[in-house]
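What follows is a set of notes on a single structure, which appears directly below.
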Amino acid sequence: MEDLEQDREFGQDQELEEEQETGGLAEAMADRVEALLVEELAHAGFRLMDVEYRQEGRWVLRLFMVRESGGLTLDDCAAASELASRLLDVADPIPHEYGMEVSSPGIFRKLSKPRHFSQSIGQVIRVKLKEEAVLTPGHYVLRGELSALEDETLVMVVEDEQIRIPLSGVKTARLDPDLKADLNRS
């Protein structure tokens with residue numbers, strides 16, 4: 001019985017290690033693809049916002065981008081997909097089969113890299129904090145205007161109070177525009 005429990009624990013440990021390795025592989029591939037595509041897509045008028053590479057039964061490469069002039073149409077997605085496919089076929093940075101998807105990151109886009117935050121200064125964001133970064137017990141989520149990114153620290157205005165949050169304390173973050181206010185301004 002003890003051997004069975006040890007085998008089960010070993011299996012769980014092995015699954016966790018494999019998941020961590022796959023996550024590391026996925027992140028490394030996404031970084032490699034981003035470095036390969038960002039300039040060429042910029043020359044074509046696109047800003048590559050994020051690259052996601054993950055296994056969902058099969059490997060999927062997702063490119064999230066916007067037009068430098070704003071927005072993204074279906075024709076833009078097709079053109080960006082064609083350009084990215086040609087570049088990836090030549091460089092061949094991914095050693096196995098995968099599917100590729102190109103889309104807009106959406107108005108509630110994820111913010112995960114320092115440049116995402118820099119590009120979002122002046123906008124309203126929602127930040128979920130890691131437990132060790134919680135400023136007030138029980139308040140894990142903050143919503144406010146991002147006013148600056150200084151030395152790996154977010155500076156936000158939340159309910160008329162300036163708050164500083166180290167990026168290392170951010171669990172997740174995304175844009176969080178007030179759609180009702182935007183509609184009323186129109």
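Letters A, B, ... go to the chains of the structure tokens in the order shown; residues in each chain start at 1; ligands are counted from 1 in the same order.
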Write out as JSON, numbers by chain all residues of range 29-184 of chain A that DSSP puts in helix (DSSP H, G or I) for this structure's backbone. {"A": [29, 30, 31, 32, 33, 34, 35, 36, 37, 38, 39, 40, 41, 42, 43, 74, 75, 76, 77, 78, 79, 80, 81, 82, 83, 84, 85, 86, 87, 88, 89, 90, 91, 114, 115, 116, 117, 118, 131, 132, 133, 167, 168, 169, 179, 180, 181, 182, 183, 184]}
Got a sec: who's within 10 Å of range 146-150 of chain A, counting only C-alpha atoms, leaving out chain neighbours fewer than 4 positions off, as a list in words? Pro114, Arg115, Phe117, Ser118, Gln119, Ser120, Ile121, Gly122, Gln123, Val124, Ile125, Arg126, Leu154, Val155, Met156, Val157, Val158, Gln162, Ile163, Arg164, Ile165, Pro166, Leu167 and Leu175 of chain A
For Ala78 in chain A, please output as a PDB file with N, CA and C atoms, in the first residue's frame all residues within 12 Å (counting only C-alpha atoms; exclusion window: fewer than 6 positions along the same chain).
ATOM      1  N   LEU A  63      -1.292  34.927 -32.063  1.00  0.00           N
ATOM      2  CA  LEU A  63      -0.692  36.245 -32.221  1.00  0.00           C
ATOM      3  C   LEU A  63      -1.784  37.283 -31.990  1.00  0.00           C
ATOM      4  N   MET A  65      -2.631  41.246 -32.034  1.00  0.00           N
ATOM      5  CA  MET A  65      -2.076  42.481 -32.580  1.00  0.00           C
ATOM      6  C   MET A  65      -3.161  43.503 -32.864  1.00  0.00           C
ATOM      7  N   LEU A  72      -8.555  46.441 -35.710  1.00  0.00           N
ATOM      8  CA  LEU A  72      -8.066  45.316 -36.502  1.00  0.00           C
ATOM      9  C   LEU A  72      -9.267  44.692 -37.200  1.00  0.00           C
ATOM     10  N   ALA A  84       3.026  36.413 -41.226  1.00  0.00           N
ATOM     11  CA  ALA A  84       3.625  35.638 -40.136  1.00  0.00           C
ATOM     12  C   ALA A  84       3.929  34.206 -40.591  1.00  0.00           C
ATOM     13  N   SER A  85       3.016  33.601 -41.344  1.00  0.00           N
ATOM     14  CA  SER A  85       3.230  32.232 -41.838  1.00  0.00           C
ATOM     15  C   SER A  85       4.472  32.142 -42.709  1.00  0.00           C
ATOM     16  N   MET A 100      -1.996  28.094 -36.040  1.00  0.00           N
ATOM     17  CA  MET A 100      -1.768  29.504 -35.742  1.00  0.00           C
ATOM     18  C   MET A 100      -3.087  30.280 -35.836  1.00  0.00           C
ATOM     19  N   GLU A 101      -3.297  31.175 -34.883  1.00  0.00           N
ATOM     20  CA  GLU A 101      -4.469  32.048 -34.872  1.00  0.00           C
ATOM     21  C   GLU A 101      -3.988  33.487 -34.725  1.00  0.00           C
ATOM     22  N   VAL A 102      -4.626  34.399 -35.440  1.00  0.00           N
ATOM     23  CA  VAL A 102      -4.298  35.820 -35.357  1.00  0.00           C
ATOM     24  C   VAL A 102      -5.569  36.554 -34.982  1.00  0.00           C
ATOM     25  N   SER A 103      -5.477  37.410 -33.958  1.00  0.00           N
ATOM     26  CA  SER A 103      -6.664  38.162 -33.563  1.00  0.00           C
ATOM     27  C   SER A 103      -6.271  39.431 -32.815  1.00  0.00           C
ATOM     28  N   SER A 104      -7.270  40.246 -32.586  1.00  0.00           N
ATOM     29  CA  SER A 104      -7.112  41.423 -31.745  1.00  0.00           C
ATOM     30  C   SER A 104      -7.051  40.956 -30.298  1.00  0.00           C
TER      31      SER A 104
END
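Checking A:Gly24, A:Met29, A:Glu159, A:Ala173 one by one against Arg109 in chain A, counting only C-alpha atoms, you find the shortest gap at A:Ala173.
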Step one, run DSSP on the backbone; step two, keep only residues of range 25-82 of chain A assigned to strand (DSSP E or B); then write them as a compact mmCIF listing (two decimals) with N, CA, C and O atoms, in the first residue's frame.
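Output saved as part_35.txt:
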# COMPACT_ATOMS: atom_id res chain seq x y z
N PHE A 46 1.43 46.75 -38.27
CA PHE A 46 0.81 46.06 -37.14
C PHE A 46 1.68 46.20 -35.90
O PHE A 46 2.90 46.21 -35.99
N ARG A 47 1.03 46.27 -34.75
CA ARG A 47 1.77 46.24 -33.48
C ARG A 47 1.45 44.90 -32.82
O ARG A 47 0.30 44.64 -32.45
N LEU A 48 2.45 44.06 -32.68
CA LEU A 48 2.28 42.76 -32.04
C LEU A 48 2.19 43.00 -30.54
O LEU A 48 3.15 43.43 -29.91
N MET A 49 1.03 42.73 -29.97
CA MET A 49 0.79 42.99 -28.56
C MET A 49 1.23 41.84 -27.67
O MET A 49 1.75 42.04 -26.59
N ASP A 50 0.99 40.61 -28.13
CA ASP A 50 1.33 39.45 -27.31
C ASP A 50 1.39 38.21 -28.20
O ASP A 50 0.77 38.17 -29.26
N VAL A 51 2.15 37.24 -27.73
CA VAL A 51 2.24 35.94 -28.39
C VAL A 51 1.98 34.89 -27.32
O VAL A 51 2.54 34.95 -26.23
N GLU A 52 1.11 33.97 -27.64
CA GLU A 52 0.78 32.89 -26.72
C GLU A 52 1.03 31.58 -27.44
O GLU A 52 0.63 31.42 -28.59
N TYR A 53 1.70 30.66 -26.78
CA TYR A 53 1.96 29.35 -27.36
C TYR A 53 1.59 28.33 -26.30
O TYR A 53 2.15 28.35 -25.20
N ARG A 54 0.62 27.49 -26.60
CA ARG A 54 0.17 26.55 -25.59
C ARG A 54 -0.35 25.27 -26.20
O ARG A 54 -0.74 25.25 -27.37
N GLN A 55 -0.38 24.26 -25.37
CA GLN A 55 -0.88 22.97 -25.82
C GLN A 55 -2.33 22.82 -25.38
O GLN A 55 -2.64 22.94 -24.20
N GLU A 56 -3.19 22.63 -26.36
CA GLU A 56 -4.63 22.46 -26.10
C GLU A 56 -5.09 21.23 -26.88
O GLU A 56 -5.91 21.32 -27.78
N ARG A 58 -3.56 20.00 -29.16
CA ARG A 58 -2.51 20.25 -30.14
C ARG A 58 -1.86 21.58 -29.75
O ARG A 58 -2.41 22.36 -28.97
N TRP A 59 -0.70 21.84 -30.31
CA TRP A 59 -0.03 23.11 -30.02
C TRP A 59 -0.68 24.22 -30.82
O TRP A 59 -1.01 24.04 -32.00
N VAL A 60 -0.91 25.36 -30.17
CA VAL A 60 -1.55 26.51 -30.80
C VAL A 60 -0.68 27.75 -30.57
O VAL A 60 -0.28 28.03 -29.44
N LEU A 61 -0.38 28.45 -31.63
CA LEU A 61 0.34 29.72 -31.58
C LEU A 61 -0.68 30.83 -31.83
O LEU A 61 -1.32 30.84 -32.88
N ARG A 62 -0.83 31.73 -30.85
CA ARG A 62 -1.77 32.83 -31.00
C ARG A 62 -0.99 34.14 -31.05
O ARG A 62 -0.17 34.41 -30.18
N LEU A 63 -1.29 34.93 -32.06
CA LEU A 63 -0.69 36.25 -32.22
C LEU A 63 -1.78 37.28 -31.99
O LEU A 63 -2.81 37.27 -32.67
N PHE A 64 -1.56 38.16 -31.02
CA PHE A 64 -2.51 39.22 -30.71
C PHE A 64 -1.91 40.53 -31.17
O PHE A 64 -0.80 40.88 -30.76
N MET A 65 -2.63 41.25 -32.03
CA MET A 65 -2.08 42.48 -32.58
C MET A 65 -3.16 43.50 -32.86
O MET A 65 -4.34 43.17 -32.88
N VAL A 66 -2.70 44.72 -33.07
CA VAL A 66 -3.58 45.81 -33.49
C VAL A 66 -2.89 46.52 -34.65
O VAL A 66 -1.69 46.39 -34.85
N ARG A 67 -3.66 47.26 -35.41
CA ARG A 67 -3.12 48.14 -36.44
C ARG A 67 -2.48 49.32 -35.73
O ARG A 67 -2.99 49.78 -34.71
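Among the candidates A:Gly70, A:Leu179, A:Arg32, A:Val127, the one nearest to Tyr140 in chain A when counting only C-alpha atoms is A:Val127.
Nearest to Gly169 in chain A of all the residues A:Leu87, A:Val141, A:Leu129, A:Leu36 is A:Leu129, counting only C-alpha atoms.
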Identify, on the basis of only C-alpha atoms, every residue whose closest approach to Phe108 in chain A does not exceed 8 Å; exclude the query and any residue fewer than 5 positions from it along the same chain; express the result as a ChimeraX atom specification. /A:174-177
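Of the residues listed (A:Ala44, A:Leu111, A:Leu25, A:Ile94), A:Ala44 shows the shortest atom-to-atom separation from Asp76 in chain A; distances use only C-alpha atoms.
Atom pair CA of Gly71 in chain A / CA of Glu27 in chain A: separated by 26.3 Å.
CA of Arg86 in chain A to CA of His116 in chain A spans 26.3 Å [interatomic distance, one decimal].
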May I ask for the distance between CA of Arg143 in chain A and CA of Lys128 in chain A, given in Å to one decimal place? 9.0 Å
